[in-house]
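K.L.:
Pasting query_6.cif below, which is mmCIF, C-alpha atoms and all ligand atoms.
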data_query
#
loop_
_atom_site.group_PDB
_atom_site.id
_atom_site.type_symbol
_atom_site.label_atom_id
_atom_site.label_comp_id
_atom_site.auth_asym_id
_atom_site.auth_seq_id
_atom_site.Cartn_x
_atom_site.Cartn_y
_atom_site.Cartn_z
ATOM 1 C CA MET X 1 68.973 97.943 83.231
ATOM 2 C CA THR X 2 71.054 96.533 80.394
ATOM 3 C CA ARG X 3 74.647 95.696 81.009
ATOM 4 C CA MET X 4 76.717 93.863 78.435
ATOM 5 C CA ILE X 5 80.351 92.876 78.243
ATOM 6 C CA VAL X 6 81.421 94.008 74.797
ATOM 7 C CA ALA X 7 84.580 92.761 73.086
ATOM 8 C CA GLY X 8 86.576 94.443 70.341
ATOM 9 C CA ALA X 9 88.426 91.838 68.288
ATOM 10 C CA GLN X 10 91.317 93.615 66.629
ATOM 11 C CA LEU X 11 92.818 91.571 63.791
ATOM 12 C CA GLY X 12 96.473 91.681 62.888
ATOM 13 C CA ALA X 13 97.663 91.684 59.309
ATOM 14 C CA ILE X 14 95.995 89.544 56.652
ATOM 15 C CA GLN X 15 98.280 88.944 53.699
ATOM 16 C CA LYS X 16 97.082 88.811 50.100
ATOM 17 C CA ALA X 17 97.873 85.079 50.055
ATOM 18 C CA ASP X 18 95.869 84.285 53.222
ATOM 19 C CA ASN X 19 92.559 82.588 52.554
ATOM 20 C CA ARG X 20 89.271 83.402 54.263
ATOM 21 C CA GLU X 21 89.204 80.081 56.118
ATOM 22 C CA SER X 22 92.428 80.914 57.957
ATOM 23 C CA VAL X 23 91.065 84.340 58.921
ATOM 24 C CA VAL X 24 87.825 82.817 60.186
ATOM 25 C CA GLU X 25 89.884 80.477 62.396
ATOM 26 C CA ARG X 26 91.570 83.539 63.908
ATOM 27 C CA MET X 27 88.210 85.222 64.392
ATOM 28 C CA ILE X 28 86.856 82.138 66.172
ATOM 29 C CA GLU X 29 89.866 82.063 68.476
ATOM 30 C CA LEU X 30 89.162 85.661 69.482
ATOM 31 C CA MET X 31 85.486 84.802 69.927
ATOM 32 C CA ASN X 32 86.379 81.931 72.267
ATOM 33 C CA GLU X 33 88.524 84.324 74.305
ATOM 34 C CA ALA X 34 85.685 86.850 74.381
ATOM 35 C CA ALA X 35 83.238 84.238 75.648
ATOM 36 C CA ALA X 36 85.694 83.174 78.353
ATOM 37 C CA LYS X 37 85.760 86.810 79.498
ATOM 38 C CA GLY X 38 81.964 86.941 79.691
ATOM 39 C CA ALA X 39 81.382 88.956 76.523
ATOM 40 C CA THR X 40 78.082 88.527 74.674
ATOM 41 C CA MET X 41 78.852 90.905 71.799
ATOM 42 C CA ILE X 42 82.017 90.960 69.664
ATOM 43 C CA VAL X 43 83.082 93.583 67.146
ATOM 44 C CA TYR X 44 85.445 92.754 64.253
ATOM 45 C CA PRO X 45 87.041 95.180 61.781
ATOM 46 C CA GLU X 46 86.147 96.508 58.335
ATOM 47 C CA LEU X 47 86.775 94.024 55.472
ATOM 48 C CA ALA X 48 87.614 91.481 58.146
ATOM 49 C CA LEU X 49 87.866 88.436 55.896
ATOM 50 C CA THR X 50 90.624 89.579 53.532
ATOM 51 C CA THR X 51 93.610 91.819 53.169
ATOM 52 C CA PHE X 52 92.756 95.494 52.606
ATOM 53 C CA PHE X 53 92.534 94.922 48.830
ATOM 54 C CA PRO X 54 91.660 98.548 47.838
ATOM 55 C CA ARG X 55 95.392 99.303 48.085
ATOM 56 C CA TRP X 56 95.887 97.230 44.930
ATOM 57 C CA TYR X 57 95.100 98.629 41.477
ATOM 58 C CA MET X 58 93.257 95.914 39.551
ATOM 59 C CA PRO X 59 92.091 96.636 35.995
ATOM 60 C CA ASP X 60 90.433 93.198 35.771
ATOM 61 C CA ARG X 61 86.926 93.201 37.257
ATOM 62 C CA ASN X 62 86.989 89.420 37.733
ATOM 63 C CA GLU X 63 90.050 89.765 39.929
ATOM 64 C CA VAL X 64 88.299 92.522 41.873
ATOM 65 C CA ASP X 65 85.214 90.369 42.361
ATOM 66 C CA SER X 66 87.296 87.569 43.853
ATOM 67 C CA TRP X 67 87.587 89.760 46.988
ATOM 68 C CA PHE X 68 83.805 90.055 47.349
ATOM 69 C CA GLU X 69 81.266 87.792 49.099
ATOM 70 C CA HIS X 70 78.214 86.771 47.078
ATOM 71 C CA GLU X 71 76.225 85.679 50.110
ATOM 72 C CA MET X 72 76.460 85.854 53.888
ATOM 73 C CA PRO X 73 76.900 83.518 55.601
ATOM 74 C CA ASN X 74 78.796 81.474 53.037
ATOM 75 C CA ARG X 75 80.999 78.399 53.089
ATOM 76 C CA ALA X 76 84.010 80.210 54.562
ATOM 77 C CA THR X 77 82.096 82.112 57.246
ATOM 78 C CA GLN X 78 79.628 79.380 58.248
ATOM 79 C CA PRO X 79 81.923 78.135 61.081
ATOM 80 C CA LEU X 80 81.995 81.656 62.548
ATOM 81 C CA PHE X 81 78.199 81.839 62.595
ATOM 82 C CA GLU X 82 77.994 78.353 64.117
ATOM 83 C CA ARG X 83 80.478 79.196 66.844
ATOM 84 C CA ALA X 84 78.612 82.441 67.567
ATOM 85 C CA ARG X 85 75.384 80.455 67.934
ATOM 86 C CA ASP X 86 77.080 77.904 70.227
ATOM 87 C CA LEU X 87 78.485 80.653 72.422
ATOM 88 C CA ALA X 88 75.352 82.836 72.207
ATOM 89 C CA MET X 89 77.541 85.685 71.004
ATOM 90 C CA ALA X 90 76.164 88.634 69.040
ATOM 91 C CA MET X 91 78.667 89.948 66.499
ATOM 92 C CA THR X 92 79.402 92.463 63.796
ATOM 93 C CA PHE X 93 82.021 92.258 61.056
ATOM 94 C CA GLY X 94 82.790 93.896 57.754
ATOM 95 C CA TYR X 95 83.179 92.373 54.305
ATOM 96 C CA ALA X 96 83.033 93.303 50.631
ATOM 97 C CA GLU X 97 79.495 92.607 49.396
ATOM 98 C CA LEU X 98 78.561 91.784 45.803
ATOM 99 C CA THR X 99 74.773 91.838 45.498
ATOM 100 C CA PRO X 100 72.813 89.466 43.215
ATOM 101 C CA ASP X 101 72.137 92.402 40.865
ATOM 102 C CA GLY X 102 75.832 93.297 40.614
ATOM 103 C CA HIS X 103 76.350 96.132 43.112
ATOM 104 C CA HIS X 104 79.534 96.412 45.153
ATOM 105 C CA PHE X 105 79.476 97.698 48.716
ATOM 106 C CA ASN X 106 81.805 97.912 51.697
ATOM 107 C CA THR X 107 79.405 96.333 54.167
ATOM 108 C CA SER X 108 79.044 95.292 57.785
ATOM 109 C CA ILE X 109 76.399 93.093 59.355
ATOM 110 C CA LEU X 110 75.041 92.755 62.864
ATOM 111 C CA THR X 111 73.799 89.485 64.349
ATOM 112 C CA ASN X 112 71.878 88.626 67.483
ATOM 113 C CA ARG X 113 72.956 85.958 69.978
ATOM 114 C CA LYS X 114 71.237 83.276 67.876
ATOM 115 C CA GLY X 115 73.553 83.973 64.947
ATOM 116 C CA GLU X 116 70.772 85.600 62.920
ATOM 117 C CA ILE X 117 71.574 88.677 60.850
ATOM 118 C CA VAL X 118 69.474 91.527 62.222
ATOM 119 C CA GLY X 119 71.150 94.538 60.621
ATOM 120 C CA LYS X 120 73.198 95.595 57.618
ATOM 121 C CA TYR X 121 75.129 98.775 56.907
ATOM 122 C CA ARG X 122 76.881 99.813 53.690
ATOM 123 C CA LYS X 123 79.720 102.323 53.990
ATOM 124 C CA VAL X 124 78.619 105.823 53.065
ATOM 125 C CA HIS X 125 81.885 107.818 53.143
ATOM 126 C CA LEU X 126 84.284 106.178 50.686
ATOM 127 C CA PRO X 127 87.750 107.741 50.886
ATOM 128 C CA GLY X 128 90.482 107.688 48.287
ATOM 129 C CA HIS X 129 90.228 107.804 44.499
ATOM 130 C CA ASP X 130 89.035 105.787 41.507
ATOM 131 C CA GLU X 131 92.033 105.751 39.143
ATOM 132 C CA TYR X 132 95.706 104.921 39.669
ATOM 133 C CA ASP X 133 97.278 107.962 41.328
ATOM 134 C CA THR X 134 101.007 108.392 40.687
ATOM 135 C CA GLY X 135 101.141 111.215 43.265
ATOM 136 C CA ARG X 136 100.528 108.858 46.186
ATOM 137 C CA ALA X 137 103.011 106.654 47.984
ATOM 138 C CA PHE X 138 100.405 103.885 47.810
ATOM 139 C CA GLN X 139 96.909 103.520 46.432
ATOM 140 C CA HIS X 140 93.544 103.751 48.221
ATOM 141 C CA LEU X 141 90.986 102.753 45.574
ATOM 142 C CA GLU X 142 87.767 102.493 47.556
ATOM 143 C CA LYS X 143 86.039 104.893 45.156
ATOM 144 C CA ARG X 144 86.955 102.490 42.310
ATOM 145 C CA TYR X 145 85.750 99.273 43.881
ATOM 146 C CA PHE X 146 82.705 100.316 45.925
ATOM 147 C CA GLU X 147 79.533 102.308 45.454
ATOM 148 C CA PRO X 148 78.445 104.627 48.288
ATOM 149 C CA GLY X 149 76.149 102.808 50.687
ATOM 150 C CA ASP X 150 72.428 103.026 49.999
ATOM 151 C CA LEU X 151 71.020 102.116 53.412
ATOM 152 C CA GLY X 152 71.771 105.244 55.442
ATOM 153 C CA PHE X 153 72.640 105.138 59.141
ATOM 154 C CA ARG X 154 70.027 102.874 60.707
ATOM 155 C CA VAL X 155 69.884 101.475 64.225
ATOM 156 C CA TRP X 156 68.475 98.202 65.559
ATOM 157 C CA ARG X 157 67.325 97.126 68.995
ATOM 158 C CA ASN X 158 69.544 94.074 69.449
ATOM 159 C CA GLU X 159 69.748 92.104 72.688
ATOM 160 C CA GLY X 160 68.126 95.006 74.531
ATOM 161 C CA VAL X 161 70.531 97.668 73.241
ATOM 162 C CA ILE X 162 70.021 100.210 70.437
ATOM 163 C CA MET X 163 72.925 99.484 68.093
ATOM 164 C CA GLY X 164 74.212 101.130 64.927
ATOM 165 C CA MET X 165 77.165 100.584 62.624
ATOM 166 C CA ALA X 166 79.586 102.713 60.651
ATOM 167 C CA ILE X 167 82.788 101.825 58.811
ATOM 168 C CA CYS X 168 86.251 103.358 59.066
ATOM 169 C CA ASN X 169 86.277 106.742 57.311
ATOM 170 C CA ASP X 170 82.680 107.315 58.499
ATOM 171 C CA ARG X 171 84.081 107.875 61.993
ATOM 172 C CA ARG X 172 85.669 111.158 60.911
ATOM 173 C CA TRP X 173 82.274 112.684 60.044
ATOM 174 C CA PRO X 174 80.079 114.007 62.874
ATOM 175 C CA GLU X 175 77.015 113.486 60.657
ATOM 176 C CA THR X 176 77.536 109.716 60.974
ATOM 177 C CA PHE X 177 77.145 109.734 64.731
ATOM 178 C CA ARG X 178 74.407 112.358 64.813
ATOM 179 C CA CYS X 179 72.186 110.430 62.393
ATOM 180 C CA MET X 180 72.346 107.488 64.797
ATOM 181 C CA GLY X 181 72.184 109.728 67.866
ATOM 182 C CA LEU X 182 68.880 111.065 66.546
ATOM 183 C CA GLN X 183 67.561 107.485 66.708
ATOM 184 C CA GLY X 184 68.667 107.061 70.332
ATOM 185 C CA VAL X 185 71.736 104.939 69.616
ATOM 186 C CA GLU X 186 73.485 103.399 72.639
ATOM 187 C CA LEU X 187 76.264 101.402 70.942
ATOM 188 C CA VAL X 188 78.019 102.405 67.713
ATOM 189 C CA THR X 189 80.413 99.833 66.261
ATOM 190 C CA ILE X 190 83.057 100.891 63.740
ATOM 191 C CA GLY X 191 85.627 98.634 62.105
ATOM 192 C CA TYR X 192 88.527 100.229 60.280
ATOM 193 C CA ASN X 193 91.641 99.736 58.124
ATOM 194 C CA THR X 194 93.723 102.892 58.505
ATOM 195 C CA PRO X 195 97.206 103.090 56.975
ATOM 196 C CA SER X 196 99.840 104.081 59.566
ATOM 197 C CA VAL X 197 101.143 106.823 57.284
ATOM 198 C CA ASN X 198 99.444 109.358 55.040
ATOM 199 C CA SER X 199 99.988 108.436 51.367
ATOM 200 C CA GLN X 200 99.934 112.144 50.458
ATOM 201 C CA MET X 201 101.976 113.528 53.367
ATOM 202 C CA SER X 202 104.827 111.282 54.474
ATOM 203 C CA ALA X 203 105.552 113.518 57.493
ATOM 204 C CA GLU X 204 102.207 112.554 59.030
ATOM 205 C CA GLY X 205 102.998 109.507 61.104
ATOM 206 C CA LEU X 206 101.394 107.108 63.479
ATOM 207 C CA GLU X 207 101.036 109.413 66.497
ATOM 208 C CA LYS X 208 98.877 111.934 64.659
ATOM 209 C CA ARG X 209 96.872 109.180 62.904
ATOM 210 C CA LEU X 210 96.044 107.505 66.230
ATOM 211 C CA PHE X 211 95.144 110.848 67.765
ATOM 212 C CA HIS X 212 92.690 111.639 64.962
ATOM 213 C CA SER X 213 91.072 108.227 65.353
ATOM 214 C CA ASP X 214 90.677 108.625 69.124
ATOM 215 C CA LEU X 215 89.449 112.195 68.712
ATOM 216 C CA SER X 216 86.735 111.155 66.268
ATOM 217 C CA LEU X 217 85.535 108.132 68.243
ATOM 218 C CA GLN X 218 85.578 109.913 71.605
ATOM 219 C CA ALA X 219 83.815 113.004 70.258
ATOM 220 C CA GLY X 220 81.157 110.854 68.573
ATOM 221 C CA ALA X 221 80.536 109.025 71.833
ATOM 222 C CA TYR X 222 80.352 112.131 74.027
ATOM 223 C CA GLN X 223 78.285 114.291 71.674
ATOM 224 C CA ASN X 224 75.666 111.570 71.276
ATOM 225 C CA ALA X 225 75.868 110.006 74.737
ATOM 226 C CA THR X 226 76.609 106.562 73.371
ATOM 227 C CA PHE X 227 79.162 103.804 73.751
ATOM 228 C CA VAL X 228 81.457 103.491 70.731
ATOM 229 C CA VAL X 229 83.669 100.549 69.793
ATOM 230 C CA GLY X 230 86.342 101.212 67.171
ATOM 231 C CA VAL X 231 88.213 98.129 65.980
ATOM 232 C CA ALA X 232 91.236 98.018 63.706
ATOM 233 C CA LYS X 233 92.673 95.649 61.227
ATOM 234 C CA ALA X 234 96.302 96.348 61.994
ATOM 235 C CA GLY X 235 99.833 95.232 61.241
ATOM 236 C CA VAL X 236 101.891 95.054 58.073
ATOM 237 C CA GLU X 237 99.999 93.642 55.094
ATOM 238 C CA ASP X 238 102.385 92.769 52.251
ATOM 239 C CA GLY X 239 104.669 95.650 53.247
ATOM 240 C CA HIS X 240 101.864 98.145 53.965
ATOM 241 C CA PRO X 241 101.438 99.105 57.642
ATOM 242 C CA LEU X 242 97.978 99.568 59.150
ATOM 243 C CA MET X 243 97.628 101.189 62.571
ATOM 244 C CA GLY X 244 96.049 99.534 65.615
ATOM 245 C CA GLY X 245 94.520 101.711 68.320
ATOM 246 C CA SER X 246 91.251 99.820 68.822
ATOM 247 C CA ILE X 247 89.262 101.367 71.674
ATOM 248 C CA ILE X 248 85.997 101.077 73.585
ATOM 249 C CA VAL X 249 84.629 104.483 74.591
ATOM 250 C CA ASP X 250 81.915 105.316 77.135
ATOM 251 C CA PRO X 251 79.181 107.968 76.740
ATOM 252 C CA ASP X 252 81.355 110.529 78.527
ATOM 253 C CA GLY X 253 84.027 110.055 75.876
ATOM 254 C CA PHE X 254 86.394 108.187 78.171
ATOM 255 C CA VAL X 255 88.378 105.241 76.832
ATOM 256 C CA LEU X 256 87.487 102.068 78.762
ATOM 257 C CA ALA X 257 89.809 99.688 76.930
ATOM 258 C CA ARG X 258 92.593 100.082 74.382
ATOM 259 C CA ALA X 259 94.579 97.615 72.282
ATOM 260 C CA ALA X 260 98.324 97.649 72.927
ATOM 261 C CA THR X 261 99.558 95.763 69.867
ATOM 262 C CA GLU X 262 99.109 95.594 66.105
ATOM 263 C CA GLU X 263 98.275 91.877 66.291
ATOM 264 C CA ASP X 264 95.148 89.820 66.840
ATOM 265 C CA GLU X 265 94.108 91.213 70.220
ATOM 266 C CA LEU X 266 90.936 91.254 72.257
ATOM 267 C CA ILE X 267 89.794 94.242 74.298
ATOM 268 C CA VAL X 268 86.761 94.040 76.578
ATOM 269 C CA ALA X 269 84.692 96.408 78.660
ATOM 270 C CA GLU X 270 81.519 96.090 80.652
ATOM 271 C CA CYS X 271 79.065 98.581 79.203
ATOM 272 C CA ASP X 272 76.219 99.778 81.399
ATOM 273 C CA PHE X 273 73.814 101.230 78.876
ATOM 274 C CA GLU X 274 71.934 103.089 81.603
ATOM 275 C CA LYS X 275 74.866 105.494 81.426
ATOM 276 C CA CYS X 276 73.638 106.760 78.066
ATOM 277 C CA ALA X 277 70.541 108.256 79.677
ATOM 278 C CA PHE X 278 72.210 111.122 81.528
ATOM 279 C CA GLY X 279 73.784 112.832 78.510
ATOM 280 C CA LYS X 280 70.724 112.116 76.361
ATOM 281 C CA SER X 281 68.432 113.806 78.903
ATOM 282 C CA THR X 282 70.637 116.787 79.813
ATOM 283 C CA ILE X 283 73.286 118.535 77.727
ATOM 284 C CA PHE X 284 72.542 116.430 74.639
ATOM 285 C CA ASP X 285 68.762 116.334 75.000
ATOM 286 C CA PHE X 286 68.322 116.941 71.288
ATOM 287 C CA GLN X 287 64.603 117.721 71.500
ATOM 288 C CA ARG X 288 65.176 120.626 73.882
ATOM 289 C CA HIS X 289 68.451 122.049 72.612
ATOM 290 C CA ARG X 290 68.979 121.444 68.891
ATOM 291 C CA ARG X 291 68.293 124.409 66.564
ATOM 292 C CA ILE X 292 67.538 122.797 63.247
ATOM 293 C CA GLU X 293 66.504 126.116 61.712
ATOM 294 C CA HIS X 294 70.242 126.894 61.583
ATOM 295 C CA TYR X 295 71.425 123.533 60.268
ATOM 296 C CA GLY X 296 69.978 123.673 56.744
ATOM 297 C CA ARG X 297 73.389 123.795 55.079
ATOM 298 C CA ILE X 298 74.248 120.402 56.518
ATOM 299 C CA THR X 299 71.888 118.670 54.084
ATOM 300 C CA SER X 300 71.465 121.268 51.321
ATOM 301 C CA GLN X 301 75.153 121.935 50.595
ATOM 302 C CA THR X 302 78.007 119.432 50.133
ATOM 303 C CA GLY X 303 81.270 121.397 49.778
ATOM 304 C CA ALA X 304 82.322 124.551 51.589
ATOM 305 C CA ILE X 305 81.308 127.802 49.843
ATOM 306 C CA VAL X 306 83.319 130.863 50.829
ATOM 307 C CA GLU X 307 81.234 133.991 50.262
ATOM 308 C CA VAL X 308 83.149 136.581 52.285
HETATM 309 N N1 LIG K 401 89.367 102.246 55.198
HETATM 310 C C1 LIG K 401 89.317 103.577 55.331
HETATM 311 O O1 LIG K 401 88.275 104.186 55.190
HETATM 312 N N2 LIG K 401 90.488 104.193 55.597
HETATM 313 C C2 LIG K 401 90.614 105.608 55.638
HETATM 314 C C3 LIG K 401 91.936 106.017 55.131
HETATM 315 C C4 LIG K 401 91.842 107.309 54.478
HETATM 316 S S1 LIG K 401 93.233 107.693 53.526
HETATM 317 C C5 LIG K 401 92.664 107.688 51.917
HETATM 318 C C6 LIG K 401 90.400 106.208 57.017
HETATM 319 O O2 LIG K 401 89.699 107.222 57.115
HETATM 320 O O3 LIG K 401 90.941 105.713 58.007
#
How would this structure read if it were set down as structure tokens?
Ligand code: CDT

P.N.:
Amino acid sequence: MTRMIVAGAQLGAIQKADNRESVVERMIELMNEAAAKGATMIVYPELALTTFFPRWYMPDRNEVDSWFEHEMPNRATQPLFERARDLAMAMTFGYAELTPDGHHFNTSILTNRKGEIVGKYRKVHLPGHDEYDTGRAFQHLEKRYFEPGDLGFRVWRNEGVIMGMAICNDRRWPETFRCMGLQGVELVTIGYNTPSVNSQMSAEGLEKRLFHSDLSLQAGAYQNATFVVGVAKAGVEDGHPLMGGSIIVDPDGFVLARAATEEDELIVAECDFEKCAFGKSTIFDFQRHRRIEHYGRITSQTGAIVEV
């Protein structure tokens, strides 16, 4: 039987002028709090080390690259890895990755309790656009700065639990969860940076945005009989509000813990991974109930085709 106290470490705003070292200090403070609460696994948000830079249009590639990490761990993040090792805390966090051969990814890594990197995921579903868009209230240039991830949706057995990662917009796609569900996933971690308002529909406010986040995370958990941890970077970054709403969800889709603020805030829940077995062996026993002969369109067709 594997039980684990899992912490979601929501981060409040990170301003453009904040350096990585100051963010890492905040992350360590949340890690200390997590350890004091008995957690052995901590989940940080997408692009945890910097402001959400894809909101800024940058024609200069050198400026863009200043937001990326060339190696992990590196000088700025070394103290986080050391603290994780000292506390025997597994962790996952997101960052912008620049590979030695010049590729740019929106990445997250997974470590074990010895501070060793055991898994890497590169964001598959990149929202937004690749050129300055005058029709939007603010920019979301992920398609400009990142390439779609090339690693797929893998899972790893880490500290006795089958874990997988996704990043932000991925949570809105059922394919994300199902690819991991088909590998027996028991814990899906998802960091996000979600603007509190829709840049293309000002009437869509926070309530609906939070609802859609909950809906996606809870459905993913229930339909794949897995725990899901969704963790925000929240607060107002240089005038741009990001929503909070970090949650830990159980395999029935129930919310076990929820952040109340848009600041640095820790949520924790004891996860009994035995609870994944019931759904996986009954209503979502994929081997017995899935009908793949009818799912061909899922992988052979990208956009909707209306033929009637
Ligand atoms: N970071 C990220 O993926 N954010 C998106 C915003 C989409 S609006 C272009 C999200 O799905 O939350």

K.L.:
Select the residues contacting ligand LIG 401 (chain K) at a distance of at most 10 Å, based on all atoms listed in the file, then format the selection as a count of residues only.

P.N.:
45

K.L.:
What is the atom CA of Leu11 of chain X-atom CA of Ala234 of chain X distance in Å, reported with one decimal?

P.N.:
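Atom-to-atom, atom CA of Leu11 of chain X to atom CA of Ala234 of chain X, that is 6.2 Å.
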
K.L.:
Within 6 Å of segment 148-155 of chain X, counting all atoms listed in the file, which residues qualify if same-chain residues fewer than 4 places away don't, as a list in words?

P.N.:
Arg122, Lys123, Val124, Met163 and Gly164 of chain X

K.L.:
With C-alpha atoms kept, could you save the residues just selected as a compact mmCIF listing (two decimals), keeping the file's coordinate frame?

P.N.:
# COMPACT_ATOMS: atom_id res chain seq x y z
CA ARG X 122 76.88 99.81 53.69
CA LYS X 123 79.72 102.32 53.99
CA VAL X 124 78.62 105.82 53.06
CA MET X 163 72.92 99.48 68.09
CA GLY X 164 74.21 101.13 64.93

K.L.:
List as a short mmCIF file (atom, residue, chain, number, x, y, z; two decimals) with C-alpha atoms, in the coordinates of the input the protein and nucleic acid residues near Thr92 of chain X, meaning an atom at most 6 Å away when all atoms listed in the file are counted, but skip any in the same chain fewer than 2 places from it.

P.N.:
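Okay, this is what ended up in result32.cif:
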data_model
loop_
_atom_site.label_atom_id
_atom_site.label_comp_id
_atom_site.auth_asym_id
_atom_site.auth_seq_id
_atom_site.Cartn_x
_atom_site.Cartn_y
_atom_site.Cartn_z
CA VAL X 43 83.08 93.58 67.15
CA ILE X 109 76.40 93.09 59.36
CA LEU X 110 75.04 92.76 62.86
#

K.L.:
List the spatial neighbours of segment 66-80 of chain X as a list of chain:residue names - criterion: any atom at most 8 Å away, all atoms listed in the file, same-chain residues fewer than 4 positions off excluded.

P.N.:
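These residues fall inside the cut-off: X:Arg20, X:Glu21, X:Val24, X:Glu25, X:Met27, X:Ile28, X:Thr50, X:Phe53, X:Asn62, X:Ala84, X:Tyr95, X:Ala96, X:Glu97, X:Leu98, X:Thr99, X:Pro100, X:His104.
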
K.L.:
For the residues selected in the previous step, produce a file with C-alpha atoms as an mmCIF file, keeping the file's coordinate frame.

P.N.:
data_model
loop_
_atom_site.group_PDB
_atom_site.id
_atom_site.type_symbol
_atom_site.label_atom_id
_atom_site.label_comp_id
_atom_site.auth_asym_id
_atom_site.auth_seq_id
_atom_site.Cartn_x
_atom_site.Cartn_y
_atom_site.Cartn_z
ATOM 1 C CA ARG X 20 89.271 83.402 54.263
ATOM 2 C CA GLU X 21 89.204 80.081 56.118
ATOM 3 C CA VAL X 24 87.825 82.817 60.186
ATOM 4 C CA GLU X 25 89.884 80.477 62.396
ATOM 5 C CA MET X 27 88.210 85.222 64.392
ATOM 6 C CA ILE X 28 86.856 82.138 66.172
ATOM 7 C CA THR X 50 90.624 89.579 53.532
ATOM 8 C CA PHE X 53 92.534 94.922 48.830
ATOM 9 C CA ASN X 62 86.989 89.420 37.733
ATOM 10 C CA ALA X 84 78.612 82.441 67.567
ATOM 11 C CA TYR X 95 83.179 92.373 54.305
ATOM 12 C CA ALA X 96 83.033 93.303 50.631
ATOM 13 C CA GLU X 97 79.495 92.607 49.396
ATOM 14 C CA LEU X 98 78.561 91.784 45.803
ATOM 15 C CA THR X 99 74.773 91.838 45.498
ATOM 16 C CA PRO X 100 72.813 89.466 43.215
ATOM 17 C CA HIS X 104 79.534 96.412 45.153
#

K.L.:
For a test of reading the model, state the distance in Å between atom CA of Gln183 of chain X and atom CA of Ala219 of chain X, rounded to one decimal.

P.N.:
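Rounded to one decimal, the two atoms are 17.5 Å apart.
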
K.L.:
Restricting the calculation to only C-alpha atoms, which member of X:Arg61, X:Lys16, X:His289, X:Lys37 is positioned closest to Gly239 of chain X?

P.N.:
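Of the candidates, the smallest distance to Gly239 of chain X is held by X:Lys16.
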
K.L.:
Just to confirm, what's the straight-line distance from atom CA of Ser216 of chain X to atom CA of Arg3 of chain X in Å (one decimal)?

P.N.:
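It comes out at 24.5 Å.
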
K.L.:
For Gln15 of chain X, work out the shell of residues within 8 Å, counting only C-alpha atoms and skipping chain neighbours fewer than 5 positions away, then give it as a VMD selection string.

P.N.:
chain X and resid 50 to 51 237 to 238

K.L.:
List the residues matched by the PyMOL selection byres (((chain X and resi 162) around 12) and not hetatm) in the displayed structure as a ChimeraX atom specification, ordered by chain and then by residue number.

P.N.:
/X:2,110,118-119,154-161,163-165,180-189,226-228,273-274,276

K.L.:
Applied to the shown file, which residues does the PyMOL selection byres (((chain X and resi 223-225) around 7) and not hetatm) return, written as a JSON list (two decimals) with C-alpha atoms, in the frame of the given file?

P.N.:
[["chain", "number", "residue", "atom", "x", "y", "z"],
["X", 177, "PHE", "CA", 77.14, 109.73, 64.73],
["X", 178, "ARG", "CA", 74.41, 112.36, 64.81],
["X", 181, "GLY", "CA", 72.18, 109.73, 67.87],
["X", 219, "ALA", "CA", 83.82, 113.00, 70.26],
["X", 220, "GLY", "CA", 81.16, 110.85, 68.57],
["X", 221, "ALA", "CA", 80.54, 109.02, 71.83],
["X", 222, "TYR", "CA", 80.35, 112.13, 74.03],
["X", 226, "THR", "CA", 76.61, 106.56, 73.37],
["X", 251, "PRO", "CA", 79.18, 107.97, 76.74],
["X", 252, "ASP", "CA", 81.36, 110.53, 78.53],
["X", 276, "CYS", "CA", 73.64, 106.76, 78.07],
["X", 279, "GLY", "CA", 73.78, 112.83, 78.51],
["X", 280, "LYS", "CA", 70.72, 112.12, 76.36],
["X", 284, "PHE", "CA", 72.54, 116.43, 74.64]]

K.L.:
Choose the residue, out of X:Glu204, X:Glu262, X:Glu147, X:Glu270, that has the smallest atom-to-atom separation from Met4 of chain X; count only C-alpha atoms.

P.N.:
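Of X:Glu204, X:Glu262, X:Glu147, X:Glu270, the one nearest Met4 of chain X is X:Glu270, counting only C-alpha atoms.
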
K.L.:
Find, counting only C-alpha atoms, the residue in X:Val308, X:Gly38, X:Asp250, X:Glu293 that gets nearest to Asp272 of chain X.

P.N.:
X:Asp250

K.L.:
Could you work out an axis-aligned bounding box for all listed atoms of segment 59-66 of chain X, with 6 Å added on each of the six sides, and give its centre and edge lengths in Å to one decimal, as AutoDock Vina command-line options?

P.N.:
--center_x 88.7 --center_y 92.1 --center_z 39.8 --size_x 18.9 --size_y 21.1 --size_z 20.1
